[in-house]
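Source file upload.cif; content: mmCIF, C-alpha atoms.
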```
data_work
loop_
_atom_site.label_atom_id
_atom_site.label_comp_id
_atom_site.auth_asym_id
_atom_site.auth_seq_id
_atom_site.Cartn_x
_atom_site.Cartn_y
_atom_site.Cartn_z
CA MET A 1 -34.50 16.70 33.22
CA LEU A 2 -31.62 14.89 31.60
CA LEU A 3 -31.86 14.60 27.83
CA VAL A 4 -29.92 11.65 26.40
CA LEU A 5 -28.91 12.75 22.90
CA CYS A 6 -27.71 10.05 20.50
CA VAL A 7 -25.78 11.77 17.69
CA ASP A 8 -25.62 10.37 14.16
CA LEU A 9 -23.69 13.07 12.31
CA ASP A 10 -23.79 11.55 8.79
CA ASP A 11 -27.48 10.49 9.03
CA ASP A 12 -26.99 6.74 8.62
CA LEU A 13 -30.35 6.27 10.30
CA GLY A 14 -32.28 8.37 7.80
CA ARG A 15 -30.39 7.17 4.71
CA LYS A 16 -30.53 3.46 5.53
CA THR A 17 -33.95 3.11 7.18
CA GLY A 18 -36.04 6.06 5.99
CA PHE A 19 -36.81 7.21 9.55
CA SER A 20 -37.58 10.91 9.82
CA THR A 21 -35.50 12.64 12.46
CA PRO A 22 -35.28 13.71 15.20
CA VAL A 23 -36.61 10.57 16.91
CA ILE A 24 -37.94 11.36 20.38
CA GLY A 25 -39.11 8.95 23.10
CA ARG A 26 -38.01 5.52 24.18
CA ASP A 27 -40.28 3.39 21.98
CA PRO A 28 -39.63 5.36 18.75
CA VAL A 29 -35.90 5.34 19.47
CA GLU A 30 -35.94 1.58 20.04
CA GLU A 31 -37.79 1.07 16.75
CA ALA A 32 -35.19 3.21 15.00
CA ALA A 33 -32.36 1.21 16.56
CA VAL A 34 -33.88 -2.11 15.50
CA ALA A 35 -34.49 -0.81 11.98
CA LEU A 36 -30.91 0.41 11.61
CA ALA A 37 -29.52 -2.84 13.04
CA THR A 38 -31.62 -4.78 10.53
CA ALA A 39 -30.52 -2.60 7.61
CA ASP A 40 -26.81 -2.56 8.51
CA PRO A 41 -25.70 -4.62 11.51
CA GLU A 42 -22.10 -3.38 11.16
CA ASP A 43 -23.01 0.32 11.53
CA SER A 44 -21.51 1.75 14.73
CA ASP A 45 -24.49 4.11 15.15
CA VAL A 46 -26.56 1.05 16.13
CA ASN A 47 -24.47 0.76 19.29
CA VAL A 48 -24.84 4.50 19.95
CA ILE A 49 -28.63 4.31 19.92
CA PHE A 50 -28.75 1.16 22.08
CA GLN A 51 -26.31 2.81 24.52
CA GLY A 52 -28.69 5.75 24.74
CA LEU A 53 -31.56 3.39 25.51
CA HIS A 54 -29.43 1.66 28.15
CA VAL A 55 -28.67 4.97 29.86
CA TYR A 56 -32.35 5.95 29.66
CA ASP A 57 -33.50 2.69 31.29
CA ASP A 58 -30.82 2.89 33.97
CA LEU A 59 -31.80 6.43 34.96
CA THR A 60 -35.51 5.61 34.82
CA GLU A 61 -35.00 2.83 37.36
CA ARG A 62 -33.51 5.45 39.66
CA ASP A 63 -36.68 7.55 39.29
CA GLU A 64 -34.83 10.36 37.56
CA SER A 65 -36.49 12.63 35.02
CA VAL A 66 -34.98 11.61 31.68
CA GLU A 67 -35.79 11.60 27.98
CA VAL A 68 -33.96 10.04 25.03
CA ALA A 69 -33.74 11.27 21.44
CA VAL A 70 -31.75 10.67 18.27
CA VAL A 71 -30.55 13.65 16.26
CA THR A 72 -28.85 13.39 12.89
CA GLY A 73 -26.96 15.58 10.46
CA ASN A 74 -26.31 14.80 6.80
CA ASP A 75 -23.54 13.52 4.52
CA GLN A 76 -22.81 16.90 2.88
CA GLY A 77 -19.88 17.92 5.09
CA ASP A 78 -19.17 18.93 8.68
CA VAL A 79 -20.58 22.47 8.51
CA SER A 80 -23.88 21.48 6.95
CA ALA A 81 -24.18 18.40 9.19
CA ASN A 82 -23.52 20.45 12.35
CA ARG A 83 -26.20 22.96 11.38
CA GLU A 84 -28.66 20.13 10.77
CA VAL A 85 -27.92 18.66 14.19
CA GLY A 86 -28.41 22.09 15.80
CA ASP A 87 -31.81 22.48 14.15
CA GLU A 88 -32.89 19.00 15.31
CA VAL A 89 -31.74 19.73 18.89
CA ASP A 90 -33.93 22.84 18.82
CA THR A 91 -36.84 20.66 17.69
CA VAL A 92 -36.24 18.17 20.51
CA LEU A 93 -36.02 20.90 23.16
CA ALA A 94 -39.21 22.49 21.88
CA SER A 95 -41.04 19.17 22.15
CA LEU A 96 -40.15 18.60 25.81
CA SER A 97 -43.10 19.42 28.02
CA THR A 98 -41.36 20.13 31.30
CA ALA A 99 -40.76 23.10 33.53
CA GLU A 100 -37.47 21.66 34.76
CA ASP A 101 -34.08 22.79 33.61
CA VAL A 102 -32.83 20.53 30.85
CA THR A 103 -29.28 19.23 30.59
CA ALA A 104 -27.89 16.80 28.04
CA LEU A 105 -25.81 13.66 27.97
CA VAL A 106 -24.33 13.25 24.48
CA VAL A 107 -23.74 9.71 23.20
CA THR A 108 -21.44 9.31 20.18
CA ASP A 109 -19.29 6.67 18.50
CA GLY A 110 -16.13 8.72 17.91
CA ALA A 111 -14.33 12.01 17.58
CA GLN A 112 -16.01 12.96 14.31
CA ASP A 113 -19.49 12.99 15.84
CA GLU A 114 -18.13 14.81 18.89
CA SER A 115 -17.26 17.78 16.67
CA VAL A 116 -20.91 18.82 17.01
CA ILE A 117 -20.69 19.20 20.81
CA PRO A 118 -20.13 23.00 20.68
CA ILE A 119 -23.34 23.32 18.63
CA ILE A 120 -25.28 21.33 21.23
CA ARG A 121 -23.69 23.21 24.14
CA SER A 122 -24.88 26.50 22.64
CA ARG A 123 -28.47 25.28 23.05
CA VAL A 124 -28.44 23.16 26.22
CA PRO A 125 -25.93 22.58 29.04
CA ILE A 126 -24.02 19.30 28.65
CA ASP A 127 -23.52 17.10 31.72
CA GLY A 128 -21.30 14.61 29.97
CA VAL A 129 -20.23 12.83 26.79
CA ARG A 130 -20.38 9.06 26.42
CA ARG A 131 -18.30 7.56 23.62
CA VAL A 132 -19.41 4.05 22.66
CA VAL A 133 -16.56 1.63 21.90
CA VAL A 134 -17.38 -1.94 20.98
CA ARG A 135 -15.26 -4.23 23.10
CA GLN A 136 -14.62 -6.68 20.27
CA ALA A 137 -12.87 -3.91 18.31
CA GLN A 138 -10.12 -3.88 20.93
CA ASN A 139 -9.14 -7.54 20.88
CA LEU A 140 -7.54 -10.05 18.56
CA GLU A 141 -10.88 -11.35 17.28
CA SER A 142 -11.64 -8.05 15.55
CA MET A 143 -8.18 -8.04 13.96
CA TYR A 144 -8.73 -11.57 12.67
CA TYR A 145 -12.05 -10.76 11.04
CA THR A 146 -10.70 -7.50 9.63
CA ILE A 147 -7.79 -9.31 7.99
CA LYS A 148 -10.14 -12.02 6.75
CA GLN A 149 -12.46 -9.45 5.19
CA VAL A 150 -9.55 -7.63 3.53
CA LEU A 151 -8.18 -10.84 2.05
CA ASP A 152 -11.61 -11.82 0.70
CA ASP A 153 -11.40 -8.86 -1.68
CA PRO A 154 -9.82 -10.05 -5.00
CA GLU A 155 -8.20 -6.67 -5.68
CA THR A 156 -6.68 -6.53 -2.20
CA ARG A 157 -5.38 -10.07 -2.55
CA GLY A 158 -3.59 -9.17 -5.76
CA THR A 159 -2.15 -5.97 -4.29
CA VAL A 160 -0.93 -7.39 -0.98
CA LEU A 161 -0.34 -11.10 -1.33
CA ILE A 162 1.60 -11.20 -4.61
CA PRO A 163 4.42 -8.82 -3.53
CA LEU A 164 4.50 -10.47 -0.11
CA GLY A 165 4.74 -13.91 -1.73
CA ILE A 166 7.59 -12.79 -3.99
CA LEU A 167 9.47 -11.37 -0.99
CA LEU A 168 9.02 -14.61 0.95
CA LEU A 169 10.38 -16.56 -2.02
CA ILE A 170 13.64 -14.63 -2.09
CA TYR A 171 15.34 -16.69 0.62
CA PRO A 172 14.41 -20.17 -0.69
CA LEU A 173 15.28 -19.08 -4.22
CA ALA A 174 18.63 -17.80 -2.95
CA LEU A 175 19.29 -21.23 -1.48
CA VAL A 176 18.40 -22.83 -4.81
CA GLY A 177 20.68 -20.35 -6.58
CA SER A 178 23.52 -21.24 -4.20
CA VAL A 179 23.07 -24.94 -4.96
CA LEU A 180 23.04 -24.22 -8.69
CA GLU A 181 25.95 -21.79 -8.27
CA MET A 182 23.84 -18.96 -9.78
CA PRO A 183 22.81 -16.85 -6.75
CA GLY A 184 23.08 -13.55 -8.63
CA PHE A 185 20.86 -14.74 -11.45
CA VAL A 186 18.16 -16.06 -9.10
CA LEU A 187 18.11 -12.94 -6.91
CA GLY A 188 18.16 -10.67 -9.96
CA THR A 189 15.25 -12.51 -11.57
CA THR A 190 13.21 -12.39 -8.36
CA SER A 191 13.91 -8.69 -7.89
CA ALA A 192 13.00 -8.02 -11.52
CA LEU A 193 9.67 -9.84 -11.13
CA LEU A 194 8.82 -7.83 -8.04
CA GLY A 195 9.85 -4.59 -9.73
CA PHE A 196 7.83 -5.29 -12.87
CA TYR A 197 4.80 -6.16 -10.77
CA LEU A 198 4.98 -2.96 -8.71
CA ILE A 199 5.51 -0.83 -11.81
CA SER A 200 2.56 -2.47 -13.56
CA ARG A 201 0.34 -1.87 -10.53
CA GLY A 202 1.50 1.73 -10.26
CA LEU A 203 0.92 2.49 -13.94
CA GLY A 204 -2.30 0.49 -14.17
CA LEU A 205 -0.86 -1.78 -16.85
CA GLY A 206 -3.03 -4.66 -15.70
CA ASP A 207 -6.24 -2.81 -16.58
CA ARG A 208 -4.78 -1.75 -19.92
CA LEU A 209 -3.74 -5.31 -20.70
CA ASP A 210 -7.21 -6.58 -19.82
CA ALA A 211 -8.76 -3.93 -22.07
CA ALA A 212 -6.41 -4.86 -24.94
CA VAL A 213 -7.24 -8.56 -24.56
CA GLU A 214 -10.95 -7.74 -24.54
CA ARG A 215 -10.62 -5.66 -27.72
CA ALA A 216 -8.65 -8.44 -29.39
CA ARG A 217 -11.27 -11.01 -28.39
CA HIS A 218 -14.07 -8.79 -29.72
CA SER A 219 -12.18 -8.23 -32.97
CA LEU A 220 -11.60 -11.97 -33.35
CA TYR A 221 -15.26 -12.85 -32.82
CA ALA A 222 -16.42 -9.97 -35.03
CA GLY A 223 -14.22 -11.16 -37.90
CA ARG A 224 -12.30 -7.89 -38.15
CA THR A 225 -9.30 -7.94 -40.48
CA THR A 226 -7.47 -5.38 -38.34
CA LEU A 227 -6.48 -8.07 -35.84
CA LEU A 228 -4.92 -10.22 -38.57
CA ALA A 229 -3.25 -7.15 -40.08
CA TYR A 230 -1.67 -6.28 -36.73
CA VAL A 231 -0.33 -9.81 -36.30
CA VAL A 232 1.19 -9.78 -39.79
CA ALA A 233 2.57 -6.26 -39.22
CA ALA A 234 4.23 -7.39 -35.98
CA ALA A 235 5.93 -10.24 -37.83
CA LEU A 236 7.04 -7.83 -40.56
CA PHE A 237 8.46 -5.46 -37.95
CA VAL A 238 10.51 -8.29 -36.47
CA LEU A 239 11.78 -9.25 -39.91
CA GLY A 240 12.59 -5.60 -40.58
CA GLY A 241 14.63 -5.39 -37.41
CA VAL A 242 16.55 -8.53 -38.35
CA SER A 243 17.13 -7.22 -41.87
CA GLY A 244 18.35 -3.90 -40.49
CA MET A 245 20.84 -5.63 -38.20
CA GLU A 246 22.09 -7.78 -41.10
CA THR A 247 22.59 -4.66 -43.23
CA LEU A 248 24.46 -2.99 -40.40
CA GLU A 249 26.76 -6.00 -40.00
CA SER A 250 27.37 -6.07 -43.74
CA VAL A 251 28.27 -2.37 -43.82
CA ARG A 252 30.48 -2.78 -40.75
CA ALA A 253 32.31 -5.72 -42.39
CA SER A 254 32.93 -3.76 -45.56
CA THR A 255 34.21 -0.67 -43.76
CA ALA A 256 37.77 -0.51 -42.51
CA GLY A 257 37.35 2.07 -39.76
CA THR A 258 34.75 2.68 -37.07
CA LEU A 259 31.26 3.51 -38.28
CA GLU A 260 29.86 6.87 -37.34
CA ALA A 261 26.43 7.14 -35.74
CA PRO A 262 24.66 8.58 -38.86
CA VAL A 263 26.04 5.74 -41.00
CA MET A 264 24.95 3.09 -38.47
CA LEU A 265 21.46 4.59 -38.34
CA ALA A 266 21.34 4.77 -42.14
CA ALA A 267 22.30 1.09 -42.39
CA LEU A 268 19.57 0.06 -39.96
CA VAL A 269 16.95 2.13 -41.77
CA ASN A 270 18.05 0.98 -45.22
CA GLY A 271 17.76 -2.66 -44.28
CA ALA A 272 14.49 -2.38 -42.41
CA ILE A 273 12.49 0.26 -44.27
CA LEU A 274 10.99 -2.06 -46.91
CA TRP A 275 9.72 -4.43 -44.22
CA PHE A 276 8.42 -1.54 -42.12
CA ALA A 277 6.65 -0.11 -45.18
CA ALA A 278 5.03 -3.49 -45.82
CA ALA A 279 3.86 -3.54 -42.17
CA GLY A 280 2.42 -0.03 -42.51
CA LEU A 281 0.60 -0.96 -45.72
CA THR A 282 -0.80 -4.09 -44.09
CA THR A 283 -2.24 -2.26 -41.08
CA SER A 284 -3.63 0.63 -43.11
CA LEU A 285 -5.30 -1.67 -45.62
CA GLY A 286 -6.76 -3.76 -42.79
CA GLN A 287 -8.18 -0.64 -41.15
CA ILE A 288 -9.62 0.56 -44.47
CA THR A 289 -11.25 -2.84 -45.02
CA ASP A 290 -12.93 -2.79 -41.60
CA GLU A 291 -14.13 0.80 -42.08
CA TYR A 292 -15.59 -0.13 -45.48
CA ILE A 293 -17.38 -3.20 -44.06
CA ALA A 294 -18.75 -1.09 -41.19
CA GLY A 295 -20.01 1.53 -43.65
CA SER A 296 -17.97 4.33 -42.08
CA LEU A 297 -15.20 4.61 -44.68
CA GLU A 298 -14.27 8.15 -45.68
CA TRP A 299 -12.18 9.12 -48.68
CA ARG A 300 -9.37 10.66 -46.63
CA TYR A 301 -8.72 7.28 -44.99
CA LEU A 302 -7.33 6.12 -48.35
CA ASN A 303 -4.40 8.52 -47.92
CA ALA A 304 -2.73 6.20 -45.40
CA PRO A 305 -1.18 3.67 -47.84
CA PHE A 306 0.15 6.46 -50.05
CA TYR A 307 1.65 8.26 -47.06
CA VAL A 308 3.37 5.04 -46.03
CA LEU A 309 4.83 4.64 -49.51
CA SER A 310 5.95 8.28 -49.60
CA ILE A 311 7.74 8.02 -46.26
CA ALA A 312 9.33 4.71 -47.28
CA VAL A 313 10.66 6.19 -50.55
CA VAL A 314 12.13 9.20 -48.75
CA LEU A 315 13.77 7.20 -45.94
CA HIS A 316 15.16 4.60 -48.34
CA ALA A 317 16.71 7.31 -50.53
CA VAL A 318 18.21 9.21 -47.58
CA SER A 319 19.67 6.07 -46.00
CA ALA A 320 21.08 4.90 -49.34
CA PHE A 321 22.67 8.32 -49.84
CA PHE A 322 24.39 8.14 -46.42
CA LEU A 323 25.65 4.66 -47.36
CA GLU A 324 26.99 6.12 -50.62
CA GLU A 325 24.87 3.74 -52.70
CA VAL A 326 23.14 6.54 -54.66
CA GLY A 327 24.06 10.02 -55.74
CA ILE A 328 22.59 13.41 -55.03
CA THR A 329 20.47 13.27 -58.19
CA TYR A 330 18.68 10.09 -57.08
CA LEU A 331 18.13 11.57 -53.60
CA ALA A 332 16.59 14.73 -55.03
CA ALA A 333 14.35 12.72 -57.37
CA ALA A 334 13.22 10.43 -54.53
CA LEU A 335 12.44 13.35 -52.23
CA THR A 336 10.47 15.06 -54.98
CA ALA A 337 8.60 11.88 -55.89
CA GLY A 338 7.70 11.14 -52.26
CA THR A 339 6.46 14.67 -51.68
CA LEU A 340 4.42 14.74 -54.89
CA LEU A 341 2.91 11.32 -54.10
CA GLY A 342 1.71 12.48 -50.68
CA ILE A 343 0.38 15.84 -51.95
CA SER A 344 -1.35 14.35 -54.98
CA SER A 345 -3.07 11.64 -52.92
CA THR A 346 -4.27 14.24 -50.42
CA LEU A 347 -5.67 16.52 -53.13
CA THR A 348 -7.23 13.64 -55.09
CA PHE A 349 -9.12 12.15 -52.18
CA ALA A 350 -10.09 15.58 -50.82
CA VAL A 351 -11.65 16.51 -54.17
CA ALA A 352 -13.33 13.10 -54.43
CA GLU A 353 -14.75 13.38 -50.93
CA SER A 354 -16.05 16.88 -51.63
CA ARG A 355 -17.72 15.97 -54.89
CA PHE A 356 -19.24 12.70 -53.73
CA SER A 357 -20.47 14.33 -50.53
CA ASP A 358 -22.14 17.09 -52.57
CA ALA A 359 -23.67 14.47 -54.86
CA ASP A 360 -25.04 12.55 -51.90
CA ARG A 361 -26.54 15.71 -50.42
CA ASP A 362 -28.17 16.64 -53.75
CA GLU A 363 -29.62 13.16 -54.15
CA GLY A 364 -30.97 13.26 -50.62
CA ARG A 365 -32.53 16.67 -51.25
CA ARG A 366 -34.22 15.48 -54.48
CA GLY A 367 -35.51 12.40 -52.69
CA ALA A 368 -36.98 14.57 -49.94
CA GLU A 369 -38.67 16.81 -52.53
CA ARG A 370 -40.22 13.79 -54.26
CA VAL A 371 -41.59 12.57 -50.97
#
```

Before we go any further, please render this structure as structure tokens.
Amino acid sequence: MLLVLCVDLDDDLGRKTGFSTPVIGRDPVEEAAVALATADPEDSDVNVIFQGLHVYDDLTERDESVEVAVVTGNDQGDVSANREVGDEVDTVLASLSTAEDVTALVVTDGAQDESVIPIIRSRVPIDGVRRVVVRQAQNLESMYYTIKQVLDDPETRGTVLIPLGILLLIYPLALVGSVLEMPGFVLGTTSALLGFYLISRGLGLGDRLDAAVERARHSLYAGRTTLLAYVVAAALFVLGGVSGMETLESVRASTAGTLEAPVMLAALVNGAILWFAAAGLTTSLGQITDEYIAGSLEWRYLNAPFYVLSIAVVLHAVSAFFLEEVGITYLAAALTAGTLLGISSTLTFAVAESRFSDADRDEGRRGAERV
């Protein structure tokens, strides 16, 4: 007897149709094939099972002794799947009621399923292996539909088409640049766009930008003051940068020689620190306001504005000292004042948080006792 074994190593049949395996006999195998084709017409195992039925019918017409069965593995890896197939082959062989010697014809859809052939050969002699290849997969029609399916995916379109489009634009843009007598500028801009796009895709900046926009939209609709504080802080940072550059130019104009790096840095910091401190106060106060409205404000959050002021005092004094606008006495006083301000705010709010937390716990305990 020839046993036609249709192998489904990853158990698409069982997972997608609920059929219990192994499936033995022509009619049950045909039902399984129809069920799998209905559940997933694109599954290659459909063709394997129908090929097994075709071989069975062809040999039956020749009055040969033949049986057909479907054996499956699982999706837990090659070793586990091969063992599962071996157990199901044993079940199939045990169900055959024949005194004839049994040989097998293995039908698969590729090299992965054929890895189980040594397991089958250890249980029954194998007369041959039939690999099913769909003819459409070898011609241009399959390539067309594959490309069409890939391009229907929005993520794939963004990954493939945008860089390809930028590359195709290089030549016409170079012609435009030649007409405008700016070929270097046009090619440099195009190359920069392509580079920025590839870097953003590689670092996942698109997802981060989408997340930031979503957070900003939620903050805007929720009426959170943090969003407004960030906008104001950004403007203050820009003004601080401009003020720092103006201070640097003023110091450079009033100095005969070349400015050293520490002096240049001190000029930038001295001109910008007040604006940067205002930006820090704005963001910290906005965050404190939102935490208070949400009912999650803690005392230690109030340290932020005082820390900003402390840092601003210290940096302003140090930069002014490097610019020779203040003496060593002022610098020492500013450093001491900044340090004391930060330490005193930390201790004050830590003590307040401890006492108010204890008071809240005592009140809650007394309320529980009254209940």

Quiz item: Counting all atoms listed in the file, what is within 10 Å of Ala278 in chain A, bar same-chain residues fewer than 5 positions away, as a ChimeraX atom specification?
Solution: /A:232-233,236-237,240,273,283-284,305,308-309,312

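If you count all atoms listed in the file and ignore residues fewer than 4 places along the chain from Val89 in chain A, what sits within 8 Å of it is Pro22, Val71, Val85, Leu93, Ile120 and Arg123 of chain A.
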
Self-check item: Residues near Ser65 in chain A, cut-off 7 Å, only C-alpha atoms, skip fewer than 2 positions along chain, as number ranges by chain
Solution: A: 1-2, 63

Write to file, as an mmCIF file, keeping the file's coordinate frame, the residues of the selection just made, with C-alpha atoms.
```
data_model
loop_
_atom_site.group_PDB
_atom_site.id
_atom_site.type_symbol
_atom_site.label_atom_id
_atom_site.label_comp_id
_atom_site.auth_asym_id
_atom_site.auth_seq_id
_atom_site.Cartn_x
_atom_site.Cartn_y
_atom_site.Cartn_z
ATOM 1 C CA MET A 1 -34.500 16.700 33.220
ATOM 2 C CA LEU A 2 -31.620 14.890 31.600
ATOM 3 C CA ASP A 63 -36.680 7.550 39.290
#
```

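Nearest residue to Pro28 in chain A, choosing from A:Ile170, A:Ala350, A:Val7, A:Leu53 and counting all atoms listed in the file: A:Leu53.
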
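Considering the residues A:Ser44, A:Thr103, A:Thr21, A:Ser115 and counting only C-alpha atoms, Thr72 in chain A has its shortest atom-to-atom contact with A:Thr21.
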
Which residues fall under the PyMOL selection byres ((chain A and resi 37) around 12) in this file, as an mmCIF file with C-alpha atoms, in the frame of the given file?
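What ended up in expr.cif:
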```
data_model
loop_
_atom_site.group_PDB
_atom_site.id
_atom_site.type_symbol
_atom_site.label_atom_id
_atom_site.label_comp_id
_atom_site.auth_asym_id
_atom_site.auth_seq_id
_atom_site.Cartn_x
_atom_site.Cartn_y
_atom_site.Cartn_z
ATOM 1 C CA ASP A 12 -26.990 6.740 8.620
ATOM 2 C CA LEU A 13 -30.350 6.270 10.300
ATOM 3 C CA LYS A 16 -30.530 3.460 5.530
ATOM 4 C CA THR A 17 -33.950 3.110 7.180
ATOM 5 C CA GLU A 30 -35.940 1.580 20.040
ATOM 6 C CA GLU A 31 -37.790 1.070 16.750
ATOM 7 C CA ALA A 32 -35.190 3.210 15.000
ATOM 8 C CA ALA A 33 -32.360 1.210 16.560
ATOM 9 C CA VAL A 34 -33.880 -2.110 15.500
ATOM 10 C CA ALA A 35 -34.490 -0.810 11.980
ATOM 11 C CA LEU A 36 -30.910 0.410 11.610
ATOM 12 C CA THR A 38 -31.620 -4.780 10.530
ATOM 13 C CA ALA A 39 -30.520 -2.600 7.610
ATOM 14 C CA ASP A 40 -26.810 -2.560 8.510
ATOM 15 C CA PRO A 41 -25.700 -4.620 11.510
ATOM 16 C CA GLU A 42 -22.100 -3.380 11.160
ATOM 17 C CA ASP A 43 -23.010 0.320 11.530
ATOM 18 C CA SER A 44 -21.510 1.750 14.730
ATOM 19 C CA ASP A 45 -24.490 4.110 15.150
ATOM 20 C CA VAL A 46 -26.560 1.050 16.130
ATOM 21 C CA ASN A 47 -24.470 0.760 19.290
ATOM 22 C CA VAL A 48 -24.840 4.500 19.950
ATOM 23 C CA ILE A 49 -28.630 4.310 19.920
ATOM 24 C CA PHE A 50 -28.750 1.160 22.080
#
```
